[in-house]
file data_21.cif (mmCIF, C-alpha atoms)
data_query
#
loop_
_atom_site.label_atom_id
_atom_site.label_comp_id
_atom_site.auth_asym_id
_atom_site.auth_seq_id
_atom_site.Cartn_x
_atom_site.Cartn_y
_atom_site.Cartn_z
CA MET A 200 -6.91 7.30 -2.04
CA SER A 201 -3.62 5.43 -2.38
CA GLU A 202 -3.78 1.95 -3.89
CA GLU A 203 -0.24 0.89 -3.00
CA LEU A 204 -1.46 -2.33 -1.34
CA LYS A 205 -4.31 -3.07 -3.75
CA ASP A 206 -5.13 -6.81 -3.93
CA LYS A 207 -2.92 -7.56 -0.91
CA VAL A 208 -4.13 -9.42 2.16
CA ALA A 209 -2.65 -8.34 5.48
CA VAL A 210 -2.94 -9.74 8.99
CA VAL A 211 -2.42 -7.43 11.97
CA THR A 212 -2.36 -8.75 15.53
CA GLY A 213 -3.28 -6.56 18.47
CA ALA A 214 -5.37 -4.64 15.98
CA ALA A 215 -8.17 -3.21 18.12
CA ALA A 216 -6.17 -0.24 19.43
CA GLY A 217 -2.87 1.60 19.37
CA ILE A 218 -0.20 0.78 16.79
CA GLY A 219 -2.08 -2.27 15.51
CA LEU A 220 -5.21 -0.26 14.82
CA ALA A 221 -3.25 2.54 13.15
CA SER A 222 -1.35 0.04 11.02
CA GLY A 223 -4.53 -1.73 9.97
CA GLU A 224 -6.21 1.56 9.09
CA ALA A 225 -3.22 2.61 6.98
CA MET A 226 -3.21 -0.69 5.07
CA LEU A 227 -6.96 -0.47 4.47
CA ALA A 228 -6.54 3.06 3.16
CA ALA A 229 -3.87 1.73 0.79
CA GLY A 230 -6.29 -0.77 -0.72
CA ALA A 231 -5.51 -3.96 1.19
CA ARG A 232 -7.94 -6.37 2.74
CA VAL A 233 -6.93 -6.60 6.39
CA VAL A 234 -7.65 -9.33 8.92
CA LEU A 235 -7.72 -7.50 12.24
CA VAL A 236 -6.86 -9.88 15.08
CA ASP A 237 -7.57 -9.12 18.72
CA ARG A 238 -9.19 -10.69 21.75
CA ASP A 239 -11.50 -7.66 22.18
CA ALA A 240 -14.49 -8.54 20.00
CA GLU A 241 -16.44 -5.36 20.69
CA ALA A 242 -13.53 -3.11 19.79
CA LEU A 243 -12.92 -5.07 16.58
CA ASP A 244 -16.56 -4.76 15.58
CA ARG A 245 -16.47 -0.99 16.09
CA VAL A 246 -13.39 -0.72 13.89
CA CYS A 247 -14.70 -2.96 11.13
CA GLN A 248 -18.04 -1.14 10.93
CA ARG A 249 -16.10 1.88 9.68
CA PHE A 250 -14.34 0.05 6.85
CA GLY A 251 -16.81 -2.40 5.37
CA ASP A 252 -15.92 -5.76 3.83
CA ALA A 253 -12.22 -4.96 3.41
CA ALA A 254 -11.79 -5.14 7.20
CA ILE A 255 -12.16 -8.71 8.46
CA PRO A 256 -12.45 -9.08 12.25
CA MET A 257 -10.99 -12.12 13.97
CA THR A 258 -11.48 -12.49 17.70
CA LEU A 259 -8.65 -14.62 19.03
CA ASP A 260 -6.63 -14.84 22.24
CA LEU A 261 -3.05 -15.37 21.14
CA LEU A 262 -2.06 -16.41 24.66
CA ASP A 263 -4.23 -19.50 24.23
CA ALA A 264 -1.89 -21.99 22.56
CA LYS A 265 -4.62 -23.74 20.57
CA ALA A 266 -6.16 -20.48 19.40
CA CYS A 267 -2.73 -19.17 18.44
CA SER A 268 -2.07 -22.25 16.30
CA GLU A 269 -5.36 -21.65 14.48
CA LEU A 270 -4.51 -18.08 13.39
CA VAL A 271 -3.03 -18.82 9.98
CA PRO A 272 -5.54 -21.54 8.98
CA ARG A 273 -8.44 -19.27 9.97
CA VAL A 274 -7.03 -16.34 7.99
CA LEU A 275 -6.49 -18.51 4.91
CA ASP A 276 -10.04 -19.80 5.23
CA LYS A 277 -11.42 -16.26 5.38
CA ALA A 278 -9.12 -14.43 2.98
CA GLY A 279 -7.44 -17.07 0.80
CA ARG A 280 -3.87 -15.93 1.22
CA ILE A 281 -1.51 -13.83 3.35
CA ASP A 282 0.77 -11.23 1.78
CA ILE A 283 1.61 -9.29 4.94
CA LEU A 284 1.88 -10.25 8.59
CA HIS A 285 2.26 -7.43 11.10
CA ALA A 286 3.04 -9.20 14.38
CA ASN A 287 2.16 -6.34 16.64
CA ALA A 288 0.41 -7.76 19.72
CA GLY A 289 2.32 -7.15 22.93
CA ILE A 290 2.07 -6.14 26.56
CA TYR A 291 4.25 -4.11 28.88
CA VAL A 292 5.77 -4.77 32.29
CA GLY A 293 7.85 -1.94 33.73
CA GLY A 294 9.45 -1.06 37.02
CA ASP A 295 12.04 -2.79 39.18
CA LEU A 296 12.36 -6.51 38.61
CA VAL A 297 12.09 -7.23 42.31
CA ASP A 298 8.57 -5.76 42.26
CA ALA A 299 7.36 -7.64 39.17
CA ASP A 300 4.68 -10.32 39.43
CA THR A 301 6.09 -13.61 38.11
CA ASP A 302 2.84 -14.53 36.38
CA GLU A 303 2.92 -11.19 34.56
CA ILE A 304 6.52 -11.87 33.52
CA ASP A 305 5.48 -15.20 32.02
CA ARG A 306 2.48 -13.65 30.26
CA MET A 307 4.51 -10.81 28.78
CA LEU A 308 7.37 -13.00 27.55
CA ASN A 309 4.87 -15.44 26.08
CA LEU A 310 3.04 -12.76 24.08
CA ASN A 311 6.00 -10.54 23.20
CA VAL A 312 8.36 -13.35 22.21
CA ASN A 313 6.84 -16.83 21.95
CA VAL A 314 3.64 -15.80 20.18
CA VAL A 315 5.54 -13.70 17.65
CA MET A 316 7.84 -16.62 16.86
CA LYS A 317 4.90 -19.01 16.54
CA ASN A 318 2.92 -16.65 14.30
CA VAL A 319 5.92 -16.20 12.02
CA ARG A 320 6.67 -19.91 12.01
CA ASP A 321 3.06 -20.72 11.09
CA VAL A 322 2.86 -18.24 8.20
CA LEU A 323 6.18 -19.19 6.62
CA PRO A 324 5.08 -22.35 4.76
CA HIS A 325 2.36 -20.32 3.00
CA MET A 326 4.71 -17.47 2.11
CA ILE A 327 7.51 -19.83 1.05
CA GLY A 328 5.05 -21.65 -1.19
CA ARG A 329 4.12 -18.37 -2.84
CA GLN A 330 7.77 -17.16 -2.88
CA SER A 331 6.65 -13.80 -1.56
CA GLY A 332 5.62 -12.07 1.63
CA ASP A 333 6.28 -9.31 4.13
CA ILE A 334 6.65 -9.81 7.87
CA VAL A 335 6.84 -6.77 10.13
CA VAL A 336 7.27 -7.07 13.89
CA THR A 337 6.60 -4.32 16.37
CA SER A 338 9.69 -4.04 18.53
CA SER A 339 10.70 -1.07 20.68
CA LEU A 340 13.41 1.48 21.28
CA ALA A 341 13.84 -0.49 24.52
CA GLY A 342 15.21 -3.31 22.39
CA HIS A 343 18.19 -1.15 21.43
CA TYR A 344 19.02 0.37 24.79
CA PRO A 345 19.31 -1.36 28.21
CA THR A 346 16.46 0.63 29.70
CA PRO A 347 16.86 0.50 33.49
CA TRP A 348 13.18 1.03 34.33
CA GLU A 349 11.84 -1.86 32.21
CA PRO A 350 14.22 -4.87 32.37
CA VAL A 351 11.61 -7.50 31.46
CA TYR A 352 10.01 -5.58 28.61
CA ALA A 353 13.36 -4.46 27.20
CA SER A 354 14.69 -8.01 27.32
CA SER A 355 11.70 -9.27 25.34
CA LYS A 356 12.40 -6.71 22.61
CA TRP A 357 16.12 -7.49 22.51
CA ALA A 358 15.11 -11.09 21.87
CA ILE A 359 12.74 -10.05 19.10
CA ASN A 360 15.36 -7.86 17.42
CA CYS A 361 17.70 -10.86 17.26
CA PHE A 362 14.87 -13.01 15.93
CA VAL A 363 14.08 -10.53 13.15
CA GLN A 364 17.71 -10.30 12.03
CA VAL A 365 18.13 -14.08 11.96
CA MET A 366 14.82 -14.72 10.20
CA ARG A 367 15.59 -12.18 7.51
CA ARG A 368 18.71 -14.17 6.66
CA GLN A 369 16.80 -17.46 6.65
CA VAL A 370 13.98 -16.47 4.33
CA PHE A 371 15.10 -13.73 1.95
CA LYS A 372 15.95 -16.47 -0.58
CA HIS A 373 12.20 -17.20 -0.70
CA GLY A 374 11.24 -13.64 -1.60
CA ILE A 375 10.15 -12.88 1.98
CA ARG A 376 11.13 -9.63 3.67
CA VAL A 377 11.37 -9.46 7.46
CA GLY A 378 11.77 -6.25 9.40
CA SER A 379 10.86 -4.53 12.63
CA VAL A 380 9.74 -1.09 13.69
CA SER A 381 11.10 0.10 17.02
CA PRO A 382 9.16 3.04 18.45
CA GLY A 383 10.06 5.12 21.43
CA PRO A 384 7.19 6.08 23.75
CA VAL A 385 3.87 5.99 21.88
CA ILE A 386 0.51 7.17 23.15
CA THR A 387 -1.09 3.72 23.56
CA ALA A 388 -2.50 1.51 26.30
CA LEU A 389 1.00 0.11 26.87
CA LEU A 390 1.70 3.26 28.89
CA GLU A 391 -1.23 2.71 31.22
CA ASP A 392 1.10 1.88 34.13
CA TRP A 393 2.95 5.19 33.77
CA SER A 394 2.18 7.56 36.60
CA GLU A 395 -0.08 10.48 35.72
CA GLU A 396 2.77 12.84 36.44
CA LYS A 397 5.21 10.99 34.14
CA LEU A 398 2.66 10.82 31.32
CA ARG A 399 1.68 14.47 31.69
CA ASP A 400 5.32 15.60 31.72
CA ALA A 401 6.13 13.51 28.64
CA LYS A 402 3.19 14.98 26.72
CA ASP A 403 4.09 18.52 27.77
CA GLU A 404 7.70 18.01 26.70
CA GLY A 405 6.83 16.54 23.31
CA SER A 406 8.36 13.18 24.29
CA LEU A 407 5.57 10.95 22.96
CA ILE A 408 4.59 10.07 19.41
CA GLU A 409 1.26 9.04 17.91
CA ALA A 410 0.47 5.49 16.79
CA SER A 411 -0.33 6.84 13.32
CA GLU A 412 3.27 8.01 12.99
CA VAL A 413 4.46 4.46 13.60
CA ALA A 414 1.96 3.21 11.02
CA ASP A 415 3.47 5.62 8.49
CA VAL A 416 6.82 3.88 8.98
CA VAL A 417 5.23 0.44 8.57
CA MET A 418 3.72 1.60 5.29
CA PHE A 419 7.10 2.92 4.14
CA MET A 420 8.62 -0.52 4.83
CA LEU A 421 5.87 -2.36 2.96
CA THR A 422 5.93 -0.16 -0.13
CA ARG A 423 9.64 -0.31 -0.97
CA PRO A 424 10.64 -2.09 -4.20
CA ARG A 425 10.93 -5.85 -3.64
CA GLY A 426 14.71 -5.65 -3.88
CA VAL A 427 14.84 -3.39 -0.81
CA THR A 428 14.33 -4.55 2.78
CA ILE A 429 14.00 -2.11 5.65
CA ARG A 430 15.20 -4.42 8.40
CA ASP A 431 14.74 -2.11 11.36
CA VAL A 432 13.53 1.43 11.87
CA VAL A 433 13.89 3.24 15.18
CA ILE A 434 11.32 6.01 15.51
CA MET A 435 11.22 8.30 18.52
CA PRO A 436 9.97 11.70 19.59
CA THR A 437 12.49 14.36 18.71
CA ASN A 438 12.56 15.63 22.27
CA PHE A 439 12.88 12.19 23.87
CA ASP A 440 16.05 11.69 25.91
CA LEU A 441 16.92 8.31 27.41
#
call {"tool": "encode", "arguments": {"input": "data_21.cif", "output": "structure tokens"}}
result
Amino acid sequence: MSEELKDKVAVVTGAAAGIGLASGEAMLAAGARVVLVDRDAEALDRVCQRFGDAAIPMTLDLLDAKACSELVPRVLDKAGRIDILHANAGIYVGGDLVDADTDEIDRMLNLNVNVVMKNVRDVLPHMIGRQSGDIVVTSSLAGHYPTPWEPVYASSKWAINCFVQVMRRQVFKHGIRVGSVSPGPVITALLEDWSEEKLRDAKDEGSLIEASEVADVVMFMLTRPRGVTIRDVVIMPTNFDL
């Protein structure tokens, strides 16, 4: 078993499924203690039963402002420090803007943008004090291309890409690395609003990737020498064509 993250403490949001789960599993396999954050308590318990004491479940609804503000203090209380934050939690709204529910727009922008910024803001004093840390944000290929079928989602990821680039410049002097991973279509719950036909065709054409493949990229980012920052990685299925 690899020990590349031995003695590290990581926090992964949206960790009960999909990319967050795959990322948490990869960090655990690399020797880290991982605080797995999600609002789905049952799913977290199932995950943590497989990994023992190194996996620390934390049931928390990041869309609740008070709960969100308690994330970092609760992690520090449980684990003592934070070496890695993977801000992964997000939701998806696709389709024509005219058909979008305005409450869903607010919810998605809050989780995909505001919560990420607040989580990063809250962890920075701790990392600055230690003069070390890694922050990885899950972005999307949609944040690099004006995707016509997902204007709200794509806009949230464009915002996050800008945020990552600016924050890297603000905090590298403190020994903190900030980067994002931008996957194309991944087999996760975020695709649940795809039609059965679209999903089937994408699978048949080899136009989807696995969450574990995204986690491999996250691990590559985290295990570079401290003098190297991988600011953004776009990962997509080879056969995917925008």
call {"tool": "atom_distance", "arguments": {"input": "data_21.cif", "atom1": "atom CA of Pro345 of chain A", "atom2": "atom CA of Gly213 of chain A"}}
result
25.1 Å
call {"tool": "closest_residue", "arguments": {"input": "data_21.cif", "among": "A:Ala341, A:Ile375, A:Ala299, A:Met418", "to": "His325 of chain A", "atoms": "only C-alpha atoms"}}
result
A:Ile375
call {"tool": "atom_distance", "arguments": {"input": "data_21.cif", "atom1": "atom CA of Pro272 of chain A", "atom2": "atom CA of Glu203 of chain A"}}
result
26.0 Å
call {"tool": "resolve_selection", "arguments": {"input": "data_21.cif", "expression": "the PyMOL selection byres ((chain A and resi 225-233) around 7)", "output": "list in words"}}
result
Met200, Ser201, Glu202, Glu203, Leu204, Lys205, Asp206, Lys207, Val208, Ala209, Val210, Ala221, Ser222, Gly223, Glu224, Val234, Leu235, Ala253, Ala254, Ile255 and Ala414 of chain A
call {"tool": "resolve_selection", "arguments": {"input": "data_21.cif", "expression": "the PyMOL selection byres ((chain A and resi 284-293) around 9)", "output": "count of residues only"}}
result
53
call {"tool": "resolve_selection", "arguments": {"input": "data_21.cif", "expression": "the PyMOL selection byres ((chain A and resi 342) around 6)", "output": "list in words"}}
result
Ser339, Leu340, Ala341, His343, Tyr344, Ala353, Lys356 and Trp357 of chain A
call {"tool": "atom_distance", "arguments": {"input": "data_21.cif", "atom1": "atom CA of Ile359 of chain A", "atom2": "atom CA of Asp305 of chain A"}}
result
15.7 Å
call {"tool": "axis_aligned_box", "arguments": {"input": "data_21.cif", "around": "segment 342-348 of chain A", "padding_each_side": "6 Å", "output": "JSON"}}
result
{"center_x": 16.2, "center_y": -1.1, "center_z": 27.9, "size_x": 18.1, "size_y": 16.3, "size_z": 24.9}
call {"tool": "residues_around", "arguments": {"input": "data_21.cif", "residues": "Val432 of chain A", "least_positions_apart": "3", "cutoff": "7 Å", "atoms": "all atoms listed in the file", "output": "VMD selection string"}}
result
chain A and resid 379 to 381
call {"tool": "closest_residue", "arguments": {"input": "data_21.cif", "among": "A:Arg376, A:Glu269, A:Phe371, A:Met257", "to": "Arg423 of chain A", "atoms": "all atoms listed in the file"}}
result
A:Arg376
call {"tool": "closest_residue", "arguments": {"input": "data_21.cif", "among": "A:Asp321, A:Asp239, A:Glu396, A:Asp431", "to": "Cys267 of chain A", "atoms": "all atoms listed in the file"}}
result
A:Asp321
